[in-house]
Each structure stands twice: as structure tokens, then as C-alpha cells.
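> Structure file entry11.csv, CSV, C-alpha atoms, is pasted below:
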```
chain,number,residue,atom,x,y,z
A,179,MET,CA,0.0,0.0,0.0
A,180,SER,CA,1.6,3.3,-1.1
A,181,LEU,CA,-1.0,5.5,0.5
A,182,VAL,CA,-0.7,7.1,4.0
A,183,LEU,CA,-4.3,8.2,4.2
A,184,ASP,CA,-6.2,5.7,6.3
A,185,GLN,CA,-8.6,3.3,4.6
A,186,GLN,CA,-11.7,4.8,6.3
A,187,ALA,CA,-10.9,8.2,5.0
A,188,GLN,CA,-10.1,6.8,1.5
A,189,ASP,CA,-13.5,5.2,1.5
A,190,LEU,CA,-15.3,8.3,2.9
A,191,LEU,CA,-13.8,10.6,0.3
A,192,PHE,CA,-13.3,8.5,-2.8
A,193,ARG,CA,-14.0,4.8,-2.8
A,194,SER,CA,-17.4,4.4,-1.2
A,195,ALA,CA,-18.5,8.0,-1.8
A,196,ARG,CA,-20.9,8.4,-4.8
A,197,THR,CA,-22.8,11.1,-6.5
A,198,ALA,CA,-26.2,11.2,-4.9
A,199,ASN,CA,-29.4,11.7,-6.9
A,200,ALA,CA,-31.9,11.5,-4.0
A,201,PHE,CA,-31.8,12.7,-0.5
A,202,THR,CA,-33.5,12.4,2.9
A,203,ASP,CA,-35.3,15.4,4.4
A,204,GLU,CA,-32.6,15.9,7.0
A,205,PRO,CA,-31.5,19.5,6.9
A,206,VAL,CA,-28.0,20.6,6.1
A,207,THR,CA,-27.0,23.4,8.5
A,208,ASP,CA,-24.9,26.5,8.0
A,209,GLU,CA,-22.6,25.1,10.7
A,210,GLN,CA,-22.0,22.1,8.5
A,211,VAL,CA,-21.2,24.3,5.5
A,212,ARG,CA,-18.9,26.4,7.6
A,213,ALA,CA,-17.0,23.3,8.8
A,214,ILE,CA,-16.7,22.2,5.1
A,215,TYR,CA,-15.4,25.6,4.1
A,216,ASP,CA,-13.0,25.8,7.1
A,217,LEU,CA,-11.5,22.6,5.9
A,218,VAL,CA,-11.2,23.0,2.2
A,219,LYS,CA,-10.2,26.7,2.2
A,220,TYR,CA,-6.6,25.5,2.9
A,221,ALA,CA,-6.3,23.6,-0.4
A,222,PRO,CA,-4.1,25.4,-2.9
A,223,THR,CA,-5.0,27.9,-5.7
A,224,SER,CA,-2.6,29.8,-8.0
A,225,LEU,CA,-1.2,32.8,-6.1
A,226,ASN,CA,-3.7,32.0,-3.3
A,227,MET,CA,-6.4,33.7,-5.4
A,228,GLN,CA,-9.4,31.7,-4.0
A,229,PRO,CA,-11.9,32.7,-6.7
A,230,LEU,CA,-14.6,30.3,-5.6
A,231,ARG,CA,-17.9,31.8,-4.3
A,232,VAL,CA,-20.8,29.7,-2.9
A,233,VAL,CA,-24.5,30.7,-2.8
A,234,LEU,CA,-26.6,28.6,-0.5
A,235,VAL,CA,-30.1,28.4,-2.0
A,236,ARG,CA,-32.3,28.5,1.1
A,237,SER,CA,-35.4,30.6,0.2
A,238,ASP,CA,-38.4,29.2,-1.8
A,239,GLN,CA,-38.0,32.0,-4.3
A,240,ALA,CA,-34.4,31.3,-5.0
A,241,ARG,CA,-35.0,27.6,-5.2
A,242,THR,CA,-37.8,28.1,-7.8
A,243,GLN,CA,-35.6,30.5,-9.8
A,244,LEU,CA,-32.7,28.0,-9.8
A,245,VAL,CA,-34.8,24.9,-10.7
A,246,GLU,CA,-36.1,26.9,-13.6
A,247,ARG,CA,-32.6,27.2,-15.0
A,248,MET,CA,-31.6,23.5,-14.5
A,249,ALA,CA,-31.7,21.0,-17.3
A,250,ASP,CA,-34.8,18.8,-17.2
A,251,GLY,CA,-33.0,15.8,-15.8
A,252,ASN,CA,-31.7,17.9,-12.9
A,253,LYS,CA,-34.9,19.7,-11.9
A,254,GLY,CA,-36.5,17.1,-9.7
A,255,LYS,CA,-33.5,16.4,-7.4
A,256,THR,CA,-32.7,20.1,-7.3
A,257,SER,CA,-36.2,21.0,-6.1
A,258,THR,CA,-36.1,18.4,-3.3
A,259,ALA,CA,-32.5,18.3,-2.0
A,260,PRO,CA,-32.2,19.6,1.6
A,261,LEU,CA,-29.6,22.1,0.4
A,262,THR,CA,-28.4,23.2,-3.0
A,263,ALA,CA,-25.3,25.3,-3.5
A,264,ILE,CA,-24.3,27.4,-6.5
A,265,LEU,CA,-20.6,27.3,-7.0
A,266,ALA,CA,-19.2,30.2,-9.1
A,267,ALA,CA,-15.9,31.8,-10.1
A,268,ASP,CA,-15.5,35.5,-9.1
A,269,THR,CA,-13.6,37.0,-12.0
A,270,ASP,CA,-12.8,40.0,-9.7
A,271,PHE,CA,-10.7,37.9,-7.4
A,272,HIS,CA,-7.7,40.2,-8.3
A,273,ASP,CA,-9.3,43.0,-6.2
A,274,ASP,CA,-8.5,40.8,-3.1
A,275,LEU,CA,-4.9,39.9,-4.0
A,276,HIS,CA,-3.4,42.6,-1.8
A,277,ARG,CA,-4.8,40.7,1.1
A,278,THR,CA,-4.6,37.1,-0.1
A,279,PHE,CA,-1.1,37.4,-1.7
A,280,PRO,CA,0.3,40.3,0.3
A,281,HIS,CA,4.0,39.9,-0.5
A,282,ALA,CA,3.4,40.9,-4.1
A,283,PRO,CA,1.7,44.3,-3.8
A,284,GLY,CA,1.5,44.7,-7.6
A,285,ALA,CA,-0.2,41.4,-8.2
A,286,ARG,CA,-3.6,43.0,-9.1
A,287,ASP,CA,-2.0,44.5,-12.2
A,288,TRP,CA,-1.0,41.2,-13.6
A,289,PHE,CA,-4.7,40.5,-14.3
A,290,GLY,CA,-5.6,43.5,-16.5
A,291,ASP,CA,-6.6,41.3,-19.4
A,292,ASP,CA,-10.3,40.4,-18.9
A,293,ALA,CA,-10.3,37.2,-21.0
A,294,ALA,CA,-7.1,35.8,-19.3
A,295,ARG,CA,-8.4,36.7,-15.9
A,296,THR,CA,-11.7,35.0,-16.5
A,297,GLU,CA,-9.9,31.8,-17.6
A,298,THR,CA,-7.7,31.9,-14.5
A,299,ALA,CA,-10.7,32.5,-12.3
A,300,ARG,CA,-12.5,29.6,-13.9
A,301,PHE,CA,-9.6,27.2,-13.6
A,302,ASN,CA,-8.8,28.0,-10.0
A,303,ALA,CA,-12.5,28.0,-8.9
A,304,ALA,CA,-12.8,24.6,-10.6
A,305,LEU,CA,-10.0,23.3,-8.4
A,306,GLN,CA,-11.9,24.6,-5.5
A,307,VAL,CA,-15.2,22.9,-6.7
A,308,GLY,CA,-13.2,19.6,-6.6
A,309,TYR,CA,-12.1,20.4,-3.0
A,310,PHE,CA,-15.6,21.4,-2.0
A,311,ILE,CA,-17.1,18.2,-3.3
A,312,LEU,CA,-14.6,16.2,-1.2
A,313,GLY,CA,-15.3,18.5,1.7
A,314,VAL,CA,-19.0,17.7,1.6
A,315,ARG,CA,-18.1,14.1,1.8
A,316,ALA,CA,-15.7,14.8,4.7
A,317,ALA,CA,-18.8,16.1,6.6
A,318,GLY,CA,-20.5,12.8,6.1
A,319,LEU,CA,-22.8,14.1,3.5
A,320,ALA,CA,-23.4,13.2,-0.1
A,321,ALA,CA,-22.8,15.6,-2.9
A,322,GLY,CA,-24.7,15.7,-6.2
A,323,PRO,CA,-22.7,17.9,-8.4
A,324,MET,CA,-24.4,19.0,-11.7
A,325,THR,CA,-23.2,20.9,-14.8
A,326,GLY,CA,-26.4,20.7,-16.8
A,327,PHE,CA,-28.0,24.1,-16.5
A,328,ASP,CA,-28.5,27.5,-18.2
A,329,ALA,CA,-25.3,29.2,-17.0
A,330,GLU,CA,-26.0,32.6,-18.4
A,331,GLY,CA,-29.4,32.5,-16.7
A,332,ILE,CA,-28.0,31.6,-13.4
A,333,ASN,CA,-25.3,34.2,-13.7
A,334,LYS,CA,-28.0,36.8,-14.4
A,335,ASP,CA,-30.4,35.7,-11.6
A,336,PHE,CA,-27.8,35.2,-8.8
A,337,PHE,CA,-24.9,37.4,-9.6
A,338,ALA,CA,-26.1,40.9,-10.4
A,339,ASP,CA,-22.5,42.3,-10.7
A,340,GLY,CA,-21.8,40.5,-13.9
A,341,ALA,CA,-18.4,39.4,-12.6
A,342,HIS,CA,-19.3,35.8,-11.5
A,343,ARG,CA,-19.5,32.6,-13.6
A,344,VAL,CA,-21.4,29.6,-12.3
A,345,LEU,CA,-19.4,26.4,-12.7
A,346,ALA,CA,-21.4,23.8,-10.9
A,347,VAL,CA,-24.6,23.4,-8.9
A,348,VAL,CA,-24.3,20.9,-6.0
A,349,ASN,CA,-27.1,19.2,-4.1
A,350,ILE,CA,-26.1,18.3,-0.6
A,351,GLY,CA,-27.7,16.0,2.0
A,352,LYS,CA,-27.9,12.5,3.4
A,353,PRO,CA,-28.5,10.0,0.6
A,354,GLY,CA,-32.1,8.9,0.3
A,355,GLU,CA,-33.8,5.9,-1.3
A,356,ASN,CA,-32.4,4.9,-4.7
A,357,ALA,CA,-29.8,7.6,-4.4
A,358,TRP,CA,-27.2,5.9,-6.6
A,359,PHE,CA,-26.9,5.0,-10.2
A,360,ASP,CA,-24.5,2.2,-11.0
A,361,ARG,CA,-20.9,3.4,-10.9
A,362,ASN,CA,-19.6,4.0,-14.4
A,363,PRO,CA,-16.2,2.6,-15.4
A,364,ARG,CA,-13.0,4.5,-14.7
A,365,LEU,CA,-10.2,4.8,-17.2
A,366,ASP,CA,-7.2,2.5,-16.7
A,367,TYR,CA,-4.0,3.9,-15.3
A,368,ASP,CA,-2.2,3.4,-18.6
A,369,GLU,CA,-4.9,5.3,-20.5
A,370,VAL,CA,-4.4,8.3,-18.3
A,371,VAL,CA,-0.7,8.3,-17.1
A,372,THR,CA,2.2,8.2,-19.5
A,373,THR,CA,5.9,8.8,-19.1
A,374,ALA,CA,8.2,11.2,-21.1
B,1487,MET,CA,-17.4,19.2,15.1
B,1488,SER,CA,-19.4,18.9,12.0
B,1489,LEU,CA,-16.9,16.8,10.1
B,1490,VAL,CA,-16.8,13.0,10.0
B,1491,LEU,CA,-13.3,12.8,8.4
B,1492,ASP,CA,-10.8,12.0,11.2
B,1493,GLN,CA,-8.5,14.7,12.4
B,1494,GLN,CA,-5.4,13.0,11.1
B,1495,ALA,CA,-6.8,12.8,7.6
B,1496,GLN,CA,-7.9,16.4,7.8
B,1497,ASP,CA,-4.4,17.5,8.6
B,1498,LEU,CA,-2.8,15.2,6.0
B,1499,LEU,CA,-4.9,16.5,3.2
B,1500,PHE,CA,-5.8,20.1,4.1
B,1501,ARG,CA,-4.6,21.7,7.4
B,1502,SER,CA,-1.0,20.6,7.7
B,1503,ALA,CA,-0.4,20.0,4.0
B,1504,ARG,CA,1.3,22.8,2.2
B,1505,THR,CA,2.6,23.6,-1.3
B,1506,ALA,CA,6.2,22.5,-1.3
B,1507,ASN,CA,9.0,24.5,-3.0
B,1508,ALA,CA,11.9,22.2,-2.3
B,1509,PHE,CA,12.2,18.5,-2.1
B,1510,THR,CA,14.6,15.7,-0.9
B,1511,ASP,CA,16.2,13.4,-3.3
B,1512,GLU,CA,13.9,10.5,-2.4
B,1513,PRO,CA,12.4,9.1,-5.6
B,1514,VAL,CA,8.7,9.0,-6.3
B,1515,THR,CA,7.9,5.6,-7.8
B,1516,ASP,CA,5.4,4.6,-10.5
B,1517,GLU,CA,3.7,2.5,-7.8
B,1518,GLN,CA,3.1,5.6,-5.8
B,1519,VAL,CA,1.6,7.4,-8.7
B,1520,ARG,CA,-0.5,4.3,-9.5
B,1521,ALA,CA,-1.8,4.3,-5.9
B,1522,ILE,CA,-2.7,8.0,-6.2
B,1523,TYR,CA,-4.5,7.5,-9.5
B,1524,ASP,CA,-6.4,4.4,-8.2
B,1525,LEU,CA,-7.7,6.5,-5.4
B,1526,VAL,CA,-8.6,9.8,-7.1
B,1527,LYS,CA,-10.0,8.2,-10.2
B,1528,TYR,CA,-13.3,7.7,-8.3
B,1529,ALA,CA,-14.0,11.3,-7.7
B,1530,PRO,CA,-16.7,12.7,-9.9
B,1531,THR,CA,-16.6,14.4,-13.3
B,1532,SER,CA,-19.5,15.5,-15.6
B,1533,LEU,CA,-20.9,12.5,-17.4
B,1534,ASN,CA,-17.9,10.5,-16.0
B,1535,MET,CA,-15.9,12.0,-18.8
B,1536,GLN,CA,-12.5,11.9,-17.0
B,1537,PRO,CA,-10.6,14.3,-19.3
B,1538,LEU,CA,-7.4,14.5,-17.1
B,1539,ARG,CA,-4.2,13.1,-18.6
B,1540,VAL,CA,-0.9,13.0,-16.7
B,1541,VAL,CA,2.6,12.9,-18.2
B,1542,LEU,CA,5.3,11.9,-15.7
B,1543,VAL,CA,8.5,13.7,-16.7
B,1544,ARG,CA,11.2,11.1,-16.1
B,1545,SER,CA,13.9,11.5,-18.9
B,1546,ASP,CA,16.6,14.1,-18.8
B,1547,GLN,CA,15.5,15.3,-22.2
B,1548,ALA,CA,11.9,15.8,-21.2
B,1549,ARG,CA,12.9,17.5,-18.0
B,1550,THR,CA,15.1,20.0,-19.9
B,1551,GLN,CA,12.4,20.7,-22.4
B,1552,LEU,CA,9.8,21.3,-19.6
B,1553,VAL,CA,12.0,23.5,-17.5
B,1554,GLU,CA,12.6,25.7,-20.6
B,1555,ARG,CA,8.9,26.3,-20.7
B,1556,MET,CA,8.4,27.2,-17.1
B,1557,ALA,CA,8.3,30.7,-15.7
B,1558,ASP,CA,11.6,31.8,-14.3
B,1559,GLY,CA,10.5,31.5,-10.7
B,1560,ASN,CA,9.5,27.9,-11.3
B,1561,LYS,CA,12.5,26.6,-13.2
B,1562,GLY,CA,14.8,25.8,-10.2
B,1563,LYS,CA,12.3,23.6,-8.3
B,1564,THR,CA,11.1,22.0,-11.5
B,1565,SER,CA,14.6,21.0,-12.5
B,1566,THR,CA,15.4,19.3,-9.1
B,1567,ALA,CA,12.1,17.8,-7.9
B,1568,PRO,CA,12.2,14.0,-7.7
B,1569,LEU,CA,9.1,13.8,-10.0
B,1570,THR,CA,7.3,16.4,-12.1
B,1571,ALA,CA,3.9,15.7,-13.6
B,1572,ILE,CA,2.3,17.6,-16.4
B,1573,LEU,CA,-1.5,17.6,-15.9
B,1574,ALA,CA,-3.6,18.3,-19.1
B,1575,ALA,CA,-7.1,18.1,-20.4
B,1576,ASP,CA,-7.8,15.8,-23.3
B,1577,THR,CA,-10.3,17.6,-25.5
B,1578,ASP,CA,-11.0,14.4,-27.3
B,1579,PHE,CA,-12.5,12.8,-24.1
B,1580,HIS,CA,-15.8,12.4,-26.0
B,1581,ASP,CA,-14.3,9.6,-28.0
B,1582,ASP,CA,-14.2,7.5,-24.8
B,1583,LEU,CA,-17.8,8.3,-23.7
B,1584,HIS,CA,-19.2,5.1,-25.2
B,1585,ARG,CA,-17.1,3.2,-22.5
B,1586,THR,CA,-17.1,5.7,-19.7
B,1587,PHE,CA,-20.8,6.7,-19.9
B,1588,PRO,CA,-22.2,3.5,-21.6
B,1589,HIS,CA,-25.9,4.0,-20.9
B,1590,ALA,CA,-26.1,7.0,-23.3
B,1591,PRO,CA,-24.7,5.6,-26.6
B,1592,GLY,CA,-25.2,9.0,-28.3
B,1593,ALA,CA,-23.3,11.0,-25.8
B,1594,ARG,CA,-20.3,11.6,-28.1
B,1595,ASP,CA,-22.6,13.6,-30.4
B,1596,TRP,CA,-23.4,16.1,-27.6
B,1597,PHE,CA,-19.9,17.4,-28.0
B,1598,GLY,CA,-19.6,18.4,-31.6
B,1599,ASP,CA,-18.9,22.1,-30.8
B,1600,ASP,CA,-15.1,22.3,-30.4
B,1601,ALA,CA,-15.1,25.5,-28.2
B,1602,ALA,CA,-17.8,24.1,-25.9
B,1603,ARG,CA,-16.1,20.7,-25.7
B,1604,THR,CA,-12.7,22.3,-24.9
B,1605,GLU,CA,-14.3,24.4,-22.1
B,1606,THR,CA,-16.0,21.3,-20.7
B,1607,ALA,CA,-12.7,19.3,-20.9
B,1608,ARG,CA,-10.8,22.1,-19.1
B,1609,PHE,CA,-13.4,22.4,-16.3
B,1610,ASN,CA,-13.6,18.7,-15.6
B,1611,ALA,CA,-9.9,18.2,-15.9
B,1612,ALA,CA,-9.4,21.1,-13.4
B,1613,LEU,CA,-11.7,19.3,-10.9
B,1614,GLN,CA,-9.4,16.3,-11.4
B,1615,VAL,CA,-6.3,18.4,-10.9
B,1616,GLY,CA,-7.7,19.3,-7.5
B,1617,TYR,CA,-8.4,15.6,-6.7
B,1618,PHE,CA,-4.9,14.7,-7.9
B,1619,ILE,CA,-3.2,17.3,-5.6
B,1620,LEU,CA,-5.1,15.8,-2.6
B,1621,GLY,CA,-4.2,12.3,-3.8
B,1622,VAL,CA,-0.5,13.2,-3.8
B,1623,ARG,CA,-0.9,14.3,-0.1
B,1624,ALA,CA,-2.8,11.1,0.6
B,1625,ALA,CA,0.3,9.2,-0.5
B,1626,GLY,CA,2.3,11.1,2.2
B,1627,LEU,CA,4.0,13.3,-0.4
B,1628,ALA,CA,4.1,17.0,-0.9
B,1629,ALA,CA,2.7,18.6,-4.1
B,1630,GLY,CA,4.0,21.8,-5.7
B,1631,PRO,CA,1.4,22.7,-8.2
B,1632,MET,CA,2.3,25.5,-10.7
B,1633,THR,CA,0.5,27.5,-13.3
B,1634,GLY,CA,3.3,29.8,-14.4
B,1635,PHE,CA,4.5,28.4,-17.7
B,1636,ASP,CA,4.3,28.7,-21.5
B,1637,ALA,CA,1.2,26.6,-22.0
B,1638,GLU,CA,1.3,26.7,-25.8
B,1639,GLY,CA,4.9,25.6,-25.7
B,1640,ILE,CA,4.2,22.7,-23.4
B,1641,ASN,CA,1.2,21.6,-25.5
B,1642,LYS,CA,3.4,21.6,-28.6
B,1643,ASP,CA,6.3,19.8,-26.9
B,1644,PHE,CA,4.4,17.1,-25.0
B,1645,PHE,CA,1.1,16.6,-26.9
B,1646,ALA,CA,1.7,16.2,-30.6
B,1647,ASP,CA,-2.0,15.4,-31.3
B,1648,GLY,CA,-3.0,19.1,-30.7
B,1649,ALA,CA,-5.9,17.9,-28.6
B,1650,HIS,CA,-4.5,18.4,-25.1
B,1651,ARG,CA,-4.3,21.5,-23.0
B,1652,VAL,CA,-1.9,21.7,-20.1
B,1653,LEU,CA,-3.6,23.0,-17.0
B,1654,ALA,CA,-0.9,22.6,-14.3
B,1655,VAL,CA,2.6,21.3,-13.7
B,1656,VAL,CA,3.1,19.6,-10.3
B,1657,ASN,CA,6.3,18.8,-8.6
B,1658,ILE,CA,6.0,15.8,-6.3
B,1659,GLY,CA,8.2,14.5,-3.5
B,1660,LYS,CA,9.2,14.6,0.1
B,1661,PRO,CA,9.5,18.2,1.3
B,1662,GLY,CA,13.2,19.3,1.6
B,1663,GLU,CA,14.8,22.1,3.5
B,1664,ASN,CA,13.0,25.4,3.5
B,1665,ALA,CA,10.2,23.8,1.5
B,1666,TRP,CA,7.5,26.2,2.7
B,1667,PHE,CA,6.7,29.8,2.3
B,1668,ASP,CA,4.5,31.3,5.0
B,1669,ARG,CA,0.9,30.4,4.6
B,1670,ASN,CA,-1.1,33.2,3.0
B,1671,PRO,CA,-4.4,34.3,4.4
B,1672,ARG,CA,-7.6,32.5,3.4
B,1673,LEU,CA,-10.8,34.4,2.8
B,1674,ASP,CA,-13.4,34.4,5.6
B,1675,TYR,CA,-16.5,32.3,5.3
B,1676,ASP,CA,-18.7,35.3,5.0
B,1677,GLU,CA,-16.7,36.6,2.0
B,1678,VAL,CA,-17.1,33.3,0.1
B,1679,VAL,CA,-20.5,31.9,1.2
B,1680,THR,CA,-23.7,33.8,0.9
B,1681,THR,CA,-27.4,32.8,1.2
B,1682,ALA,CA,-30.2,33.4,-1.3
```
Show me the file's structure as C-alpha cells.

Amino acid sequence: MSLVLDQQAQDLLFRSARTANAFTDEPVTDEQVRAIYDLVKYAPTSLNMQPLRVVLVRSDQARTQLVERMADGNKGKTSTAPLTAILAADTDFHDDLHRTFPHAPGARDWFGDDAARTETARFNAALQVGYFILGVRAAGLAAGPMTGFDAEGINKDFFADGAHRVLAVVNIGKPGENAWFDRNPRLDYDEVVTTA
Amino acid sequence: MSLVLDQQAQDLLFRSARTANAFTDEPVTDEQVRAIYDLVKYAPTSLNMQPLRVVLVRSDQARTQLVERMADGNKGKTSTAPLTAILAADTDFHDDLHRTFPHAPGARDWFGDDAARTETARFNAALQVGYFILGVRAAGLAAGPMTGFDAEGINKDFFADGAHRVLAVVNIGKPGENAWFDRNPRLDYDEVVTTA
């Protein structure tokens, strides 16, 4: 065994964990989300830029608005999950770099190009989406991440500043009845990893 | 405590783990990389598309070529790390969907638009970069992920098919002397998480 991480943690985060498609009614509290964030915030991003932003969809109005923007196959589970989170990249992350990357006071100016900055924000927030999904599992909850939605519609409805880009919508809760589809095959090591 | 993940695993993956900037000479074996992959391959991607590809830079020639493409501040550590991995998105992931997402035989055809497919590949491979970094830590190793490099040059040198996009280059090994910079501040919960 080449891994140091204990077997129980391996199972919780990776091997037994599965994308959930149905949930129980048990609520997911803000305290649980805070514990998730306070864990995964330490995982790395380029220049410590931390562009991920999370909107917890708690009100009936926001829920209705969001479900409207989801692809048909995602509407049902998104309308009934105990908690749904919108995960987005803040393309204005560079305004915080003086605090998050303090030893390079000029760092903000490296991101004057809007297109390049947006791509950097999307990449680093995507890293953080990955961390967040594992953080949900670390809290003993199941995550149901989805990318089938009207992104422009969600950006418009939930981020009035025009500077955010939704990357994923994640249902969160305890898995309910028939929560799992069959696990799909993973690529073999030799299909993914090569040597130069 | 709202987390189920044990404290030791929390520390190993998130709290104590740090981006390393110097490494010992201890080699990183293919068996270790295989163990990392066999853990993180289970973490989710959209439609199970798994676009991440990893090139282990083992030969002197490849190392020299890669270092040449790195930003100046990343050249030194990349030339001396026991193992350096190039992490890229395969934009032709859709050619494998008949195996990786077998219950939707027509899934390949959903990705006819090159620009949209490339963006999907980049996002999902970025999720997997996040998983991979945590997998390196799960193996008791330190990761030094970098995004400062000439991406087009690396794509040309290492991916002759023109279908891959490098996302990150990661040094891997046991942390050496003066491996750590001071940890930079993380954003507060209330700056990142809001409620709608």
C-alpha cells in the first residue's frame, strides 16, 4: 500500500462515496457548510487567489428560480434536496490579491486582461469545486454535483454584478432511497498516465 | 465538530499540508503514482468524462524541455524535484464516452462544438487536478502545483496530437529544507459563502 491516508478516509472521500441523486429530508445546517469551508479553504490555488464563491439556495423564491434554470433531468432532485449550493468563479478575485497574496503588492496589475483573468478564475475555482465536493463528503454528506443548467441565466439571476461565472450546482444532503446509479467505469491507469 | 473525516486525515490533506517549493532526493515511484490514481479516479466528473491526462517527466530530455517552458520562478524547483507531472485536459474525451458513460450511446454527439467541448474538458480536468493534488498528499507526499509556464509551448512539446491543453505542472516528492513559504491568508467564510 503506497497510501498514507487511512482506509476509512479513503472510502469516505473516494471509494465508497458516490454522486447522490436522491436525499432524505434531514436539513444541512450553516454550521456544516462552515465546517466544510473551514477545511477545504486550505487547499491550494494559484497565487492563493481563491476565486470560488458559494451561494446557498435557502429561500423558496431562489429555489424556484434556480430549478427553472436547471436541465430537465436535474430539476427534480434540485427541487427536493435539503440544500443546493451554486458554485461560481469570481472574476474580480484580483481585487483581493493585496490581502490574499500580500507579498506581491502589484499582483492585481498582472490581471488586466479580462479574458485571461476570467480563464484563470474559472480554472482555480474549478480546483476549489473539486475540493468542495470532497469537503461535503468529509462532513459525512453526499454531494450531487451538476453541470447541466443554463449558465447565463444563473449568472444573471444570482450574480447581479456580472463578474461571476457559475461552474457547478451541487445538491447536498444525506442520501435517500435509490440515491445511486451504477458506478460507471473509470479509465485505466495506462490510459491516463504516460511517461516522457 | 461537523466533520466525519478524522483529524489526522484532515491534517494530512488540508490543514498541515502545504505547497512545497523544495524536495529531498527520495524518488517517487510509479507504484506511488498508480496508488494515487487508483484513489482519485473515483472522484466525480460530468458524465464521468475523466478528461485528465498525466505525463510523468522522467527522462533528462523531457525535464530539460519542460524546465525551458516554465516561468523563471518555477525553473529551479522543477529541475530538481524527484518527480514532475504535467496535468492536461484531453479535449477528445468524447471519443471514450461510449465506454465511460455507456448508458447514453449517443453522448459523443453532444460534444460536436469544439469550443464548448474544450471548455468542458478544461473544467472537468481542473476538478481532477484538485483531486490529484489531494491524492499526492494522501500518499504522504508534498505537491508543488504551478500554473506559471508557457502553455502553448508545453502543449506543442508534449502533446503532438494538438488535442491536449496543459492546466498545471506539479512537482512531487518529500519536502526538503525550506520547503514552505508562510501560509497566505484565506478568505473568511462570509466573504465566500452567501445565502439566497
> Residues within 7 Å of (-6.6, 10.9, -11.7), file coordinates, counting only C-alpha atoms: what are they? Give the list as a list in words.
Tyr1523, Val1526, Lys1527, Leu1538, Gln1614 and Phe1618 of chain B
> So which one's closest to chain B, A:Ala200, A:Leu225, A:Val233, A:Leu244? Using only C-alpha atoms, please.
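Ranking A:Ala200, A:Leu225, A:Val233, A:Leu244 by distance to chain B, first place goes to A:Val233.
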> Once you count only C-alpha atoms, which residues of chain B turn out to be within 6 Å of chain A? Could you give them as JSON, numbers by chain?
{"B": [1488, 1489, 1490, 1491, 1500, 1518, 1521, 1528, 1529, 1539, 1540, 1541, 1542, 1543, 1544, 1548, 1586, 1612, 1613, 1616, 1624, 1625, 1626, 1671, 1678, 1679, 1680, 1681, 1682]}
> Just to confirm, what's the straight-line distance from CA of Asp203 (chain A) to CA of Phe327 (chain A) in Å (one decimal)?
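Spanning CA of Asp203 (chain A) to CA of Phe327 (chain A) is a straight-line distance of 23.8 Å.
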> Nearest to Ala1649 (chain B): which of B:Asp1581, B:Glu1512, B:Glu1663, B:Asp1558 is it, counting all atoms listed in the file?
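The closest residue to Ala1649 (chain B) is B:Asp1581.
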